[in-house]
file work-v2.txt (compact mmCIF, C-alpha atoms)
# COMPACT_ATOMS: atom_id res chain seq x y z
CA MET A 1 -76.62 176.65 3.98
CA LEU A 2 -75.11 179.57 5.83
CA ALA A 3 -73.26 178.47 8.96
CA LYS A 4 -73.83 180.00 12.38
CA ARG A 5 -70.70 181.88 13.37
CA ILE A 6 -68.62 181.59 16.52
CA ILE A 7 -66.72 184.78 17.26
CA PRO A 8 -64.14 185.25 19.98
CA CYS A 9 -63.83 188.85 21.14
CA LEU A 10 -60.48 190.17 22.26
CA ASP A 11 -60.52 193.30 24.41
CA VAL A 12 -57.16 194.94 23.84
CA LYS A 13 -55.55 197.44 26.16
CA ASN A 14 -52.04 198.75 25.53
CA GLY A 15 -51.45 195.92 23.08
CA ARG A 16 -52.58 193.12 25.43
CA VAL A 17 -55.81 191.12 25.71
CA VAL A 18 -57.95 191.68 28.77
CA LYS A 19 -61.41 190.50 29.79
CA GLY A 20 -63.75 192.28 32.12
CA LYS A 21 -66.58 191.03 34.28
CA ASN A 22 -69.56 193.35 34.08
CA PHE A 23 -67.20 195.85 32.46
CA SER A 24 -64.82 196.18 35.40
CA GLY A 25 -62.00 194.32 37.17
CA LEU A 26 -59.85 193.70 34.11
CA ALA A 27 -57.33 190.84 34.13
CA ASP A 28 -54.52 190.40 31.60
CA VAL A 29 -54.80 187.23 29.52
CA ASP A 30 -52.51 186.95 26.52
CA ASP A 31 -50.80 188.36 23.46
CA PRO A 32 -53.51 189.34 20.96
CA VAL A 33 -51.69 188.29 17.80
CA ALA A 34 -50.78 184.84 19.17
CA LEU A 35 -54.31 184.41 20.51
CA ALA A 36 -55.87 185.46 17.20
CA GLU A 37 -53.74 182.95 15.32
CA LYS A 38 -54.58 180.22 17.80
CA TYR A 39 -58.30 180.92 17.47
CA SER A 40 -58.19 181.03 13.68
CA ASP A 41 -56.33 177.70 13.53
CA GLY A 42 -58.73 176.25 16.07
CA GLY A 43 -61.84 177.05 14.02
CA ALA A 44 -63.07 180.50 15.05
CA ASP A 45 -65.19 181.92 12.22
CA GLU A 46 -64.32 185.55 12.77
CA LEU A 47 -62.48 187.71 15.27
CA VAL A 48 -63.40 190.92 17.04
CA PHE A 49 -60.70 193.21 18.37
CA TYR A 50 -61.99 195.78 20.77
CA ASP A 51 -59.66 198.64 21.67
CA ILE A 52 -60.29 199.76 25.22
CA THR A 53 -57.22 201.98 25.32
CA ALA A 54 -57.69 205.68 25.85
CA SER A 55 -54.16 206.95 25.21
CA ALA A 56 -52.51 207.80 21.90
CA GLU A 57 -49.65 205.38 22.62
CA GLY A 58 -52.15 202.61 23.26
CA ARG A 59 -53.85 203.48 19.99
CA LYS A 60 -50.62 203.06 18.09
CA LEU A 61 -50.00 199.70 19.76
CA PHE A 62 -53.49 198.63 18.77
CA THR A 63 -52.99 199.50 15.08
CA ASP A 64 -49.75 197.57 15.18
CA VAL A 65 -51.50 194.54 16.71
CA LEU A 66 -54.16 194.78 14.00
CA ARG A 67 -51.65 194.87 11.15
CA ARG A 68 -49.62 191.99 12.50
CA THR A 69 -52.81 189.96 12.94
CA ALA A 70 -54.11 190.71 9.44
CA GLU A 71 -50.80 189.56 8.01
CA ARG A 72 -51.22 186.14 9.58
CA VAL A 73 -54.91 185.49 10.09
CA PHE A 74 -57.18 184.99 7.09
CA ILE A 75 -60.65 185.12 8.55
CA PRO A 76 -62.81 188.25 8.93
CA LEU A 77 -61.57 190.76 11.44
CA THR A 78 -63.83 193.33 13.11
CA VAL A 79 -62.47 196.28 15.01
CA GLY A 80 -64.24 198.37 17.59
CA GLY A 81 -63.56 200.83 20.37
CA GLY A 82 -63.18 204.57 20.07
CA ILE A 83 -64.71 204.83 16.58
CA ASN A 84 -66.06 208.37 16.35
CA CYS A 85 -65.62 209.54 12.75
CA THR A 86 -65.12 208.19 9.26
CA ASP A 87 -61.36 208.75 9.62
CA ASP A 88 -61.43 206.17 12.41
CA PHE A 89 -63.10 203.77 9.97
CA ALA A 90 -60.37 204.49 7.41
CA ALA A 91 -57.57 203.89 9.92
CA ALA A 92 -59.04 200.53 10.97
CA LEU A 93 -59.73 199.38 7.40
CA ASP A 94 -56.26 200.43 6.24
CA SER A 95 -54.72 198.36 9.03
CA GLY A 96 -56.46 195.21 7.85
CA ALA A 97 -59.90 195.28 9.47
CA ASP A 98 -62.82 194.03 7.38
CA LYS A 99 -65.55 195.50 9.52
CA VAL A 100 -65.64 198.38 11.93
CA SER A 101 -67.93 198.39 14.90
CA VAL A 102 -69.30 201.70 16.11
CA ASN A 103 -71.10 202.15 19.43
CA SER A 104 -71.04 205.40 21.45
CA GLY A 105 -69.73 207.26 18.39
CA ALA A 106 -72.97 206.53 16.54
CA ILE A 107 -75.12 207.53 19.51
CA ALA A 108 -73.34 210.89 19.62
CA ASP A 109 -73.56 211.30 15.84
CA PRO A 110 -75.89 208.82 14.09
CA GLY A 111 -74.84 210.28 10.71
CA ILE A 112 -71.51 208.46 11.03
CA ILE A 113 -73.38 205.27 10.02
CA ASP A 114 -74.68 206.87 6.81
CA ARG A 115 -71.33 208.39 5.93
CA ALA A 116 -69.31 205.25 6.62
CA ALA A 117 -71.80 203.07 4.72
CA ALA A 118 -71.74 205.42 1.74
CA LYS A 119 -67.96 205.60 1.72
CA TYR A 120 -66.92 202.04 2.60
CA GLY A 121 -70.08 199.99 2.06
CA SER A 122 -72.64 198.64 4.52
CA GLN A 123 -70.78 195.33 4.72
CA CYS A 124 -68.12 196.91 6.91
CA VAL A 125 -70.37 198.97 9.17
CA VAL A 126 -71.32 197.16 12.37
CA LEU A 127 -73.55 198.83 14.92
CA SER A 128 -72.72 197.55 18.37
CA VAL A 129 -75.14 198.25 21.21
CA ASP A 130 -74.92 197.74 24.96
CA VAL A 131 -78.43 197.01 26.16
CA LYS A 132 -79.90 196.72 29.63
CA ARG A 133 -83.38 196.16 31.02
CA SER A 134 -84.76 199.39 32.31
CA GLY A 135 -88.26 200.67 32.96
CA GLY A 136 -89.88 197.51 31.59
CA GLY A 137 -88.05 197.72 28.27
CA PHE A 138 -84.64 197.38 26.69
CA THR A 139 -82.54 200.53 26.85
CA VAL A 140 -79.32 201.49 25.09
CA PHE A 141 -76.33 202.49 27.19
CA SER A 142 -73.23 204.25 25.90
CA HIS A 143 -69.64 204.84 26.99
CA GLY A 144 -68.93 201.25 27.95
CA GLY A 145 -72.27 200.89 29.64
CA ARG A 146 -71.91 203.89 31.92
CA VAL A 147 -74.39 206.29 30.36
CA ASP A 148 -78.13 205.66 30.01
CA THR A 149 -79.08 207.15 26.62
CA GLY A 150 -82.81 206.72 27.13
CA LEU A 151 -83.01 205.20 23.62
CA ARG A 152 -85.24 202.17 23.12
CA ALA A 153 -82.99 199.39 21.82
CA GLU A 154 -85.52 198.30 19.16
CA ASP A 155 -85.74 201.84 17.78
CA TRP A 156 -82.02 202.41 17.79
CA ILE A 157 -81.02 199.24 15.94
CA LYS A 158 -83.84 199.77 13.43
CA GLN A 159 -82.52 203.28 12.85
CA GLY A 160 -78.99 201.85 12.48
CA GLU A 161 -80.21 199.43 9.83
CA GLN A 162 -82.02 202.19 7.93
CA ARG A 163 -78.93 204.37 8.02
CA GLY A 164 -76.86 201.62 6.43
CA ALA A 165 -75.36 199.36 9.10
CA GLY A 166 -74.72 195.87 7.73
CA GLU A 167 -74.73 194.01 11.02
CA ILE A 168 -75.82 194.51 14.63
CA VAL A 169 -74.04 193.32 17.75
CA ILE A 170 -76.28 193.09 20.78
CA ASN A 171 -74.43 192.99 24.04
CA SER A 172 -76.69 192.29 26.99
CA MET A 173 -75.29 194.13 29.99
CA ASP A 174 -77.60 192.04 32.16
CA THR A 175 -75.88 188.77 31.23
CA ASP A 176 -72.39 190.05 30.34
CA GLY A 177 -69.64 188.34 32.32
CA VAL A 178 -72.12 186.26 34.28
CA LYS A 179 -71.55 183.13 32.15
CA ARG A 180 -75.03 181.75 32.60
CA GLY A 181 -76.12 181.88 29.01
CA PHE A 182 -77.02 184.44 26.37
CA ASP A 183 -79.94 186.80 26.94
CA LEU A 184 -82.48 184.89 24.85
CA GLU A 185 -85.39 187.08 25.92
CA MET A 186 -83.60 190.25 24.85
CA LEU A 187 -82.39 188.64 21.61
CA ALA A 188 -85.89 187.46 20.74
CA ALA A 189 -87.19 191.00 21.08
CA LEU A 190 -84.33 192.67 19.23
CA THR A 191 -83.67 190.26 16.34
CA ARG A 192 -87.30 190.83 15.31
CA ALA A 193 -86.62 194.54 14.86
CA VAL A 194 -84.10 194.19 12.00
CA ASP A 195 -83.52 192.13 8.86
CA ILE A 196 -79.72 192.32 8.88
CA PRO A 197 -77.47 189.79 10.66
CA VAL A 198 -77.35 189.94 14.46
CA VAL A 199 -74.43 188.87 16.65
CA ALA A 200 -75.33 187.88 20.20
CA SER A 201 -72.94 188.89 22.94
CA GLY A 202 -72.85 188.60 26.72
CA GLY A 203 -73.32 185.56 28.87
CA ALA A 204 -71.55 182.66 27.12
CA GLY A 205 -70.34 180.28 29.84
CA CYS A 206 -70.47 176.80 28.37
CA ILE A 207 -71.11 174.88 25.15
CA ASP A 208 -74.81 174.46 25.91
CA ASP A 209 -75.22 178.23 26.01
CA PHE A 210 -74.32 178.38 22.32
CA VAL A 211 -76.56 175.41 21.50
CA GLU A 212 -79.46 177.17 23.25
CA LEU A 213 -78.64 180.44 21.51
CA PHE A 214 -78.91 179.00 18.02
CA LYS A 215 -81.86 176.72 18.79
CA ASN A 216 -83.92 179.39 20.51
CA SER A 217 -83.06 182.70 18.85
CA ASN A 218 -82.66 184.12 15.38
CA ALA A 219 -79.08 185.25 16.07
CA ASP A 220 -76.57 184.61 13.29
CA ALA A 221 -73.50 184.49 15.45
CA GLY A 222 -72.46 184.07 19.05
CA LEU A 223 -69.68 186.07 20.59
CA GLY A 224 -67.62 185.01 23.57
CA ALA A 225 -64.49 186.15 25.34
CA SER A 226 -63.26 184.60 28.57
CA VAL A 227 -64.71 181.15 27.81
CA PHE A 228 -62.27 181.04 24.93
CA HIS A 229 -59.37 182.96 26.51
CA TYR A 230 -59.22 180.69 29.53
CA GLY A 231 -59.65 177.56 27.41
CA GLU A 232 -62.98 176.64 28.99
CA ILE A 233 -64.40 175.93 25.57
CA ALA A 234 -62.42 174.58 22.62
CA PHE A 235 -63.81 175.57 19.21
CA CYS A 236 -63.70 171.99 17.92
CA ASP A 237 -65.80 170.70 20.84
CA LEU A 238 -68.22 173.58 20.47
CA LYS A 239 -68.64 173.12 16.72
CA ARG A 240 -69.14 169.37 17.11
CA ALA A 241 -71.82 169.90 19.76
CA LEU A 242 -73.62 172.42 17.56
CA LYS A 243 -73.47 170.08 14.58
CA ASN A 244 -74.82 167.19 16.67
CA ASN A 245 -77.75 169.46 17.53
CA GLY A 246 -78.53 170.01 13.87
CA ILE A 247 -77.05 173.50 13.70
CA ALA A 248 -75.09 174.35 10.54
CA VAL A 249 -71.50 175.19 11.41
CA ARG A 250 -68.21 175.35 9.56
CA ILE A 251 -66.12 172.36 10.60
CA MET B 1 -44.58 185.18 -10.60
CA THR B 2 -46.08 188.53 -9.70
CA VAL B 3 -49.73 189.02 -8.87
CA GLY B 4 -51.05 192.48 -9.70
CA ILE B 5 -53.81 193.59 -7.36
CA ILE B 6 -55.65 196.44 -9.02
CA ASP B 7 -55.87 199.42 -6.69
CA TYR B 8 -58.70 201.64 -7.84
CA GLY B 9 -59.87 202.73 -4.41
CA CYS B 10 -62.28 199.88 -3.69
CA GLY B 11 -61.61 197.23 -1.13
CA ASN B 12 -59.47 195.92 1.64
CA LEU B 13 -56.25 195.20 -0.18
CA PHE B 14 -54.18 194.67 2.95
CA SER B 15 -55.54 191.17 3.55
CA LEU B 16 -55.42 190.28 -0.10
CA ARG B 17 -51.77 191.19 -0.39
CA SER B 18 -50.97 189.42 2.89
CA SER B 19 -52.71 186.26 1.72
CA PHE B 20 -50.62 186.09 -1.44
CA SER B 21 -47.48 186.64 0.64
CA ARG B 22 -48.55 183.78 2.89
CA ILE B 23 -48.67 181.36 -0.07
CA GLY B 24 -45.29 182.58 -1.31
CA ALA B 25 -46.47 184.69 -4.25
CA ARG B 26 -45.24 188.22 -4.82
CA ALA B 27 -48.15 190.62 -4.96
CA THR B 28 -48.10 194.24 -5.94
CA VAL B 29 -50.94 196.63 -5.24
CA THR B 30 -51.04 199.20 -8.00
CA SER B 31 -53.12 201.42 -10.23
CA ASP B 32 -50.22 201.90 -12.64
CA LYS B 33 -50.90 200.45 -16.09
CA ALA B 34 -47.24 199.88 -16.92
CA GLU B 35 -46.78 197.93 -13.73
CA LEU B 36 -49.95 195.88 -14.19
CA ILE B 37 -48.96 194.87 -17.70
CA LYS B 38 -45.80 193.26 -16.29
CA CYS B 39 -47.81 191.07 -13.91
CA ASP B 40 -48.44 187.36 -14.47
CA ARG B 41 -51.79 187.37 -12.71
CA ILE B 42 -54.36 190.10 -12.22
CA VAL B 43 -56.78 190.40 -9.31
CA LEU B 44 -59.76 192.72 -9.49
CA PRO B 45 -60.94 193.26 -5.92
CA GLY B 46 -63.93 195.32 -4.87
CA VAL B 47 -66.30 196.15 -2.08
CA GLY B 48 -69.04 198.75 -1.98
CA ALA B 49 -71.52 199.68 -4.67
CA PHE B 50 -71.37 198.58 -8.31
CA PRO B 51 -71.84 201.93 -10.12
CA GLU B 52 -69.25 203.68 -7.97
CA ALA B 53 -66.73 200.89 -8.45
CA MET B 54 -67.21 200.93 -12.26
CA GLN B 55 -66.87 204.69 -12.20
CA LYS B 56 -63.63 204.47 -10.22
CA LEU B 57 -62.20 201.78 -12.51
CA ASN B 58 -63.12 203.98 -15.47
CA GLY B 59 -61.69 207.02 -13.73
CA ALA B 60 -58.40 205.21 -13.19
CA GLU B 61 -58.46 204.45 -16.96
CA LEU B 62 -58.01 200.78 -16.22
CA VAL B 63 -61.02 199.28 -18.01
CA GLY B 64 -59.12 198.87 -21.28
CA THR B 65 -56.07 197.45 -19.50
CA VAL B 66 -58.17 194.86 -17.68
CA ARG B 67 -59.93 193.82 -20.88
CA ASP B 68 -56.72 193.66 -22.94
CA MET B 69 -54.76 191.77 -20.33
CA ALA B 70 -57.49 189.21 -19.68
CA ALA B 71 -56.95 187.83 -23.19
CA GLY B 72 -53.64 186.33 -22.11
CA THR B 73 -53.25 186.79 -18.37
CA PRO B 74 -55.38 184.94 -15.80
CA LEU B 75 -57.72 187.37 -14.05
CA LEU B 76 -59.55 186.83 -10.78
CA GLY B 77 -62.43 189.07 -9.76
CA ILE B 78 -63.36 188.91 -6.09
CA CYS B 79 -66.78 189.78 -4.64
CA LEU B 80 -67.82 193.05 -6.30
CA GLY B 81 -64.80 192.49 -8.56
CA MET B 82 -66.50 189.31 -9.77
CA GLN B 83 -69.82 191.09 -10.26
CA MET B 84 -68.11 193.71 -12.42
CA LEU B 85 -67.05 190.99 -14.87
CA PHE B 86 -70.68 190.57 -15.99
CA ASP B 87 -72.69 192.50 -18.56
CA ARG B 88 -74.61 194.68 -16.13
CA SER B 89 -75.98 195.20 -12.64
CA SER B 90 -79.23 196.59 -11.31
CA GLU B 91 -77.62 198.00 -8.14
CA PHE B 92 -78.83 201.65 -7.87
CA GLY B 93 -80.41 201.61 -11.34
CA GLU B 94 -78.96 199.84 -14.38
CA CYS B 95 -75.22 200.00 -14.82
CA ASP B 96 -72.99 198.34 -17.40
CA GLY B 97 -70.24 196.01 -16.24
CA LEU B 98 -67.10 194.89 -18.05
CA GLY B 99 -69.03 192.36 -20.12
CA MET B 100 -66.32 189.72 -19.89
CA ILE B 101 -68.67 186.99 -18.69
CA LYS B 102 -72.28 186.59 -19.77
CA GLY B 103 -74.76 187.34 -17.01
CA ASN B 104 -76.17 190.10 -14.86
CA VAL B 105 -76.23 191.10 -11.22
CA VAL B 106 -79.48 191.44 -9.25
CA PRO B 107 -80.42 191.84 -5.56
CA LEU B 108 -80.53 188.79 -3.32
CA ASP B 109 -84.21 188.37 -2.65
CA CYS B 110 -84.49 186.05 0.31
CA ALA B 111 -87.00 187.77 2.57
CA ALA B 112 -89.75 185.39 1.43
CA VAL B 113 -87.78 182.43 2.77
CA GLY B 114 -86.80 184.26 5.96
CA LEU B 115 -83.14 184.75 5.11
CA LYS B 116 -81.25 187.92 5.88
CA VAL B 117 -79.60 190.24 3.38
CA PRO B 118 -76.64 190.63 3.13
CA GLN B 119 -75.63 187.01 3.13
CA MET B 120 -72.87 187.41 5.67
CA GLY B 121 -70.82 184.44 6.79
CA TRP B 122 -69.54 181.02 5.82
CA ASN B 123 -71.39 178.86 3.33
CA ALA B 124 -70.58 175.45 1.84
CA LEU B 125 -69.47 175.29 -1.78
CA LYS B 126 -71.24 173.04 -4.23
CA ILE B 127 -68.68 172.61 -6.96
CA ASP B 128 -70.57 172.19 -10.23
CA LYS B 129 -67.72 171.26 -12.48
CA GLY B 130 -63.98 170.88 -12.58
CA CYS B 131 -62.37 174.28 -12.38
CA PRO B 132 -58.58 174.57 -11.96
CA LEU B 133 -59.23 177.10 -9.19
CA PHE B 134 -60.69 174.28 -7.09
CA LYS B 135 -57.92 171.76 -7.52
CA TYR B 136 -57.28 171.82 -3.75
CA THR B 137 -60.93 172.40 -2.79
CA ARG B 138 -63.48 169.78 -1.84
CA ASN B 139 -67.20 169.87 -2.32
CA GLY B 140 -68.72 171.21 0.93
CA ASP B 141 -65.71 173.31 1.92
CA TYR B 142 -66.79 176.55 3.62
CA VAL B 143 -65.90 179.99 2.27
CA TYR B 144 -66.75 183.49 3.49
CA PHE B 145 -69.41 185.68 1.84
CA VAL B 146 -70.59 189.23 2.33
CA HIS B 147 -72.97 190.37 -0.39
CA SER B 148 -76.42 191.74 -1.09
CA TYR B 149 -76.40 191.19 -4.87
CA HIS B 150 -75.71 188.06 -6.87
CA ALA B 151 -75.02 187.01 -10.45
CA VAL B 152 -77.75 185.35 -12.52
CA ASN B 153 -78.12 184.09 -16.10
CA CYS B 154 -74.44 183.15 -16.16
CA GLY B 155 -75.12 179.88 -17.99
CA GLU B 156 -72.11 177.66 -18.52
CA SER B 157 -69.68 179.89 -16.68
CA VAL B 158 -70.89 178.90 -13.18
CA THR B 159 -68.33 176.63 -11.50
CA ALA B 160 -69.72 176.62 -7.94
CA THR B 161 -72.86 177.65 -6.09
CA VAL B 162 -74.00 177.88 -2.48
CA ASP B 163 -77.45 177.35 -1.03
CA TYR B 164 -78.99 180.60 0.20
CA GLY B 165 -82.70 180.41 -0.45
CA GLY B 166 -81.81 178.57 -3.68
CA ASP B 167 -78.62 178.26 -5.68
CA VAL B 168 -76.49 181.39 -5.54
CA THR B 169 -73.55 181.83 -7.91
CA ALA B 170 -70.36 181.42 -5.87
CA ALA B 171 -67.74 181.13 -8.61
CA VAL B 172 -67.51 181.52 -12.36
CA SER B 173 -64.93 181.05 -15.08
CA CYS B 174 -64.69 181.81 -18.78
CA GLY B 175 -61.35 181.20 -20.43
CA HIS B 176 -58.68 183.01 -18.44
CA VAL B 177 -61.26 184.98 -16.49
CA PHE B 178 -62.29 183.74 -13.05
CA GLY B 179 -64.53 185.18 -10.39
CA THR B 180 -65.48 184.34 -6.81
CA GLN B 181 -68.42 185.93 -5.01
CA PHE B 182 -66.79 184.89 -1.74
CA HIS B 183 -63.58 186.30 -0.30
CA PRO B 184 -60.78 183.72 -0.63
CA GLU B 185 -58.50 186.03 1.36
CA LYS B 186 -60.95 185.73 4.27
CA SER B 187 -61.75 182.04 3.92
CA GLY B 188 -58.93 180.54 5.97
CA GLU B 189 -56.93 177.64 4.52
CA VAL B 190 -59.63 176.83 1.96
CA GLY B 191 -59.35 180.34 0.58
CA LEU B 192 -55.56 180.39 0.58
CA ASN B 193 -55.63 177.15 -1.42
CA ILE B 194 -57.91 178.73 -4.02
CA LEU B 195 -55.47 181.64 -4.36
CA ARG B 196 -52.61 179.13 -4.57
CA ALA B 197 -54.40 177.32 -7.40
CA PHE B 198 -54.88 180.67 -9.16
CA THR B 199 -51.14 181.36 -9.03
CA GLU B 200 -50.47 177.83 -10.35
CA LEU B 201 -52.75 178.06 -13.41

call {"tool": "encode", "arguments": {"input": "work-v2.txt", "output": "structure tokens"}}
result
Amino acid sequence: MLAKRIIPCLDVKNGRVVKGKNFSGLADVDDPVALAEKYSDGGADELVFYDITASAEGRKLFTDVLRRTAERVFIPLTVGGGINCTDDFAAALDSGADKVSVNSGAIADPGIIDRAAAKYGSQCVVLSVDVKRSGGGFTVFSHGGRVDTGLRAEDWIKQGEQRGAGEIVINSMDTDGVKRGFDLEMLAALTRAVDIPVVASGGAGCIDDFVELFKNSNADAGLGASVFHYGEIAFCDLKRALKNNGIAVRI
Amino acid sequence: MTVGIIDYGCGNLFSLRSSFSRIGARATVTSDKAELIKCDRIVLPGVGAFPEAMQKLNGAELVGTVRDMAAGTPLLGICLGMQMLFDRSSEFGECDGLGMIKGNVVPLDCAAVGLKVPQMGWNALKIDKGCPLFKYTRNGDYVYFVHSYHAVNCGESVTATVDYGGDVTAAVSCGHVFGTQFHPEKSGEVGLNILRAFTEL
């Protein structure tokens, strides 16, 4: 039986890991390569590296971090942040990424999903969406959550799937950084819209939040950042708790 | 010991090469026939779509080399590389494979049982019979999958399966030819040990 996945997300800026709360007030945490290795050894099922650097120098540092990680860590590696064209996919894949996550780049040019899927395969195209409650529905935001696109989240992820995305990451802006649990209501509505795997993001604060996620939603994976970075949750404790609750996990 | 990773423009070869380095094997990524022939092990990687991958392997004029070498040199096909070892695939119409292992490749059809396609993630191996590739692997060990198609009618060559709406072919072997539907280079220690066993054949 396929195991539910636990995925730590590392936001990387200028070659260092940071974690925001509601997308602002960043605080430096650790060296990404060392952290990635620690997580892999500890039992993380996959890693996400998110490049939040804007500068060219930062970009270069990020690629270097990616390469050094892929040389040492042998679990799937997803890369996101600043992906705007198929060349960006190529650069990430050549540096050792297995999947590339596209967000604002796909909102600006949805065709990037089709082109990347045709060129590199759907298995490496991840559509990441920042979603917030708005006007009685779920709306997609772009540019790190700053711009309201007016797109209905259900429509957008469905379109992403049809265009060839192989996986969807749903980041609830309403629960992100709050650490009071995943947005089960949003996930229930959005996982119904697609048949491809869905990664839940935003709101993980304790072990029970992951137990609730997998018991009460159709998400395939749970993503967390600070709960792992600050050692609030150890992967072995988390996996054991999930297993004790009858959830299939890799131990 | 040199492992030749066939570079025909399909797949993430960075991790594959790194994983062989990690276990102390020298790996070369090449599309050069002369260089491949000197290798002690051959790996056929692959991601993407079956017809395009076959076309690229043909285009690189490597089909004959792979077939000839497999008579004496252990070969490991990974993911789409494994699927290409079979007779044919129905991905985007019918397309012939390398025909090195009996069987064919068809879409995963799991919607009826509520499972998602692709199968993406870690699944537990059910090892069907002793295969030297699994000498360090235990029944129930988790390995990483990403695939929308799977091999059927492989008969005796199946060495391991996983449960995904029924038994799905996870690994095959026939003489010197081995295949894994999962990615050993992405399967942590379990995967590295499978690659180690491959270099120790």

call {"tool": "residues_around", "arguments": {"input": "work-v2.txt", "residues": "A:Val194", "least_positions_apart": "5", "cutoff": "9 Å", "atoms": "all atoms listed in the file", "output": "list in words"}}
result
Glu154, Ile157, Lys158, Glu161 and Ile168 of chain A

call {"tool": "atom_distance", "arguments": {"input": "work-v2.txt", "atom1": "atom CA of B:Leu192", "atom2": "atom CA of A:Leu47"}}
result
17.8 Å

call {"tool": "closest_residue", "arguments": {"input": "work-v2.txt", "among": "A:Val129, A:Val178, A:Leu238, A:Ile83", "to": "A:Gly105", "atoms": "all atoms listed in the file"}}
result
A:Ile83

call {"tool": "atom_distance", "arguments": {"input": "work-v2.txt", "atom1": "atom CA of A:Glu57", "atom2": "atom CA of A:Gly82"}}
result
13.8 Å

call {"tool": "residues_around", "arguments": {"input": "work-v2.txt", "residues": "A:Arg180", "least_positions_apart": "6", "cutoff": "12 Å", "atoms": "only C-alpha atoms", "output": "ChimeraX atom specification"}}
result
/A:174,202-210,212-213,227

call {"tool": "write_last_selection", "arguments": {"input": "work-v2.txt", "atoms": "C-alpha atoms", "output": "compact mmCIF listing (two decimals), in the coordinates of the input"}}
result
# COMPACT_ATOMS: atom_id res chain seq x y z
CA ASP A 174 -77.60 192.04 32.16
CA GLY A 202 -72.85 188.60 26.72
CA GLY A 203 -73.32 185.56 28.87
CA ALA A 204 -71.55 182.66 27.12
CA GLY A 205 -70.34 180.28 29.84
CA CYS A 206 -70.47 176.80 28.37
CA ILE A 207 -71.11 174.88 25.15
CA ASP A 208 -74.81 174.46 25.91
CA ASP A 209 -75.22 178.23 26.01
CA PHE A 210 -74.32 178.38 22.32
CA GLU A 212 -79.46 177.17 23.25
CA LEU A 213 -78.64 180.44 21.51
CA VAL A 227 -64.71 181.15 27.81

call {"tool": "closest_atom_pairs", "arguments": {"input": "work-v2.txt", "of": "chain A", "to": "chain B", "cutoff": "6 Å", "atoms": "all atoms listed in the file", "output": "JSON lines"}}
result
{"residue": "A:Met1", "atom": "CA", "partner": "B:Asp163", "partner_atom": "CA", "distance": 5.1}
{"residue": "A:Leu2", "atom": "CA", "partner": "B:Asn123", "partner_atom": "CA", "distance": 4.5}
{"residue": "A:Ala3", "atom": "CA", "partner": "B:Trp122", "partner_atom": "CA", "distance": 5.5}
{"residue": "A:Glu71", "atom": "CA", "partner": "B:Ser18", "partner_atom": "CA", "distance": 5.1}
{"residue": "A:Phe74", "atom": "CA", "partner": "B:Lys186", "partner_atom": "CA", "distance": 4.8}
{"residue": "A:Ile75", "atom": "CA", "partner": "B:Lys186", "partner_atom": "CA", "distance": 4.3}
{"residue": "A:Pro76", "atom": "CA", "partner": "B:Lys186", "partner_atom": "CA", "distance": 5.6}
{"residue": "A:Gly96", "atom": "CA", "partner": "B:Phe14", "partner_atom": "CA", "distance": 5.4}
{"residue": "A:Gly121", "atom": "CA", "partner": "B:Gly48", "partner_atom": "CA", "distance": 4.4}
{"residue": "A:Asp195", "atom": "CA", "partner": "B:Lys116", "partner_atom": "CA", "distance": 5.6}
{"residue": "A:Ile196", "atom": "CA", "partner": "B:Lys116", "partner_atom": "CA", "distance": 5.5}

call {"tool": "write_last_selection", "arguments": {"input": "work-v2.txt", "atoms": "C-alpha atoms", "output": "compact mmCIF listing (two decimals), in the frame of the given file"}}
result
# COMPACT_ATOMS: atom_id res chain seq x y z
CA MET A 1 -76.62 176.65 3.98
CA LEU A 2 -75.11 179.57 5.83
CA ALA A 3 -73.26 178.47 8.96
CA GLU A 71 -50.80 189.56 8.01
CA PHE A 74 -57.18 184.99 7.09
CA ILE A 75 -60.65 185.12 8.55
CA PRO A 76 -62.81 188.25 8.93
CA GLY A 96 -56.46 195.21 7.85
CA GLY A 121 -70.08 199.99 2.06
CA ASP A 195 -83.52 192.13 8.86
CA ILE A 196 -79.72 192.32 8.88

call {"tool": "residues_near_point", "arguments": {"input": "work-v2.txt", "point": "(-65.1, 184.8, -7.0)", "cutoff": "12 Å", "atoms": "only C-alpha atoms", "output": "number ranges by chain"}}
result
B: 43-46, 75-85, 125, 133-134, 143-147, 150-151, 157-161, 168-173, 177-185, 187, 191, 194-195, 198

call {"tool": "residues_around", "arguments": {"input": "work-v2.txt", "residues": "A:Phe89", "least_positions_apart": "3", "cutoff": "9 Å", "atoms": "all atoms listed in the file", "output": "list of chain:residue names"}}
result
A:Ile83, A:Asn84, A:Cys85, A:Thr86, A:Ala92, A:Leu93, A:Asp94, A:Lys99, A:Val100, A:Ser101, A:Val102, A:Ala116, A:Tyr120, A:Val125

call {"tool": "residues_around", "arguments": {"input": "work-v2.txt", "residues": "stretch 100-104 of chain B", "least_positions_apart": "4", "cutoff": "7 Å", "atoms": "all atoms listed in the file", "output": "ChimeraX atom specification"}}
result
/B:85-89,151-154,174

call {"tool": "closest_residue", "arguments": {"input": "work-v2.txt", "among": "A:Arg133, A:Lys60, A:Arg240, A:Arg115", "to": "A:Asn171", "atoms": "all atoms listed in the file"}}
result
A:Arg133

call {"tool": "atom_distance", "arguments": {"input": "work-v2.txt", "atom1": "atom CA of A:Cys9", "atom2": "atom CA of A:Phe228"}}
result
8.8 Å

call {"tool": "residues_around", "arguments": {"input": "work-v2.txt", "residues": "A:Thr69", "least_positions_apart": "5", "cutoff": "8 Å", "atoms": "all atoms listed in the file", "output": "ChimeraX atom specification"}}
result
/A:33,36-37
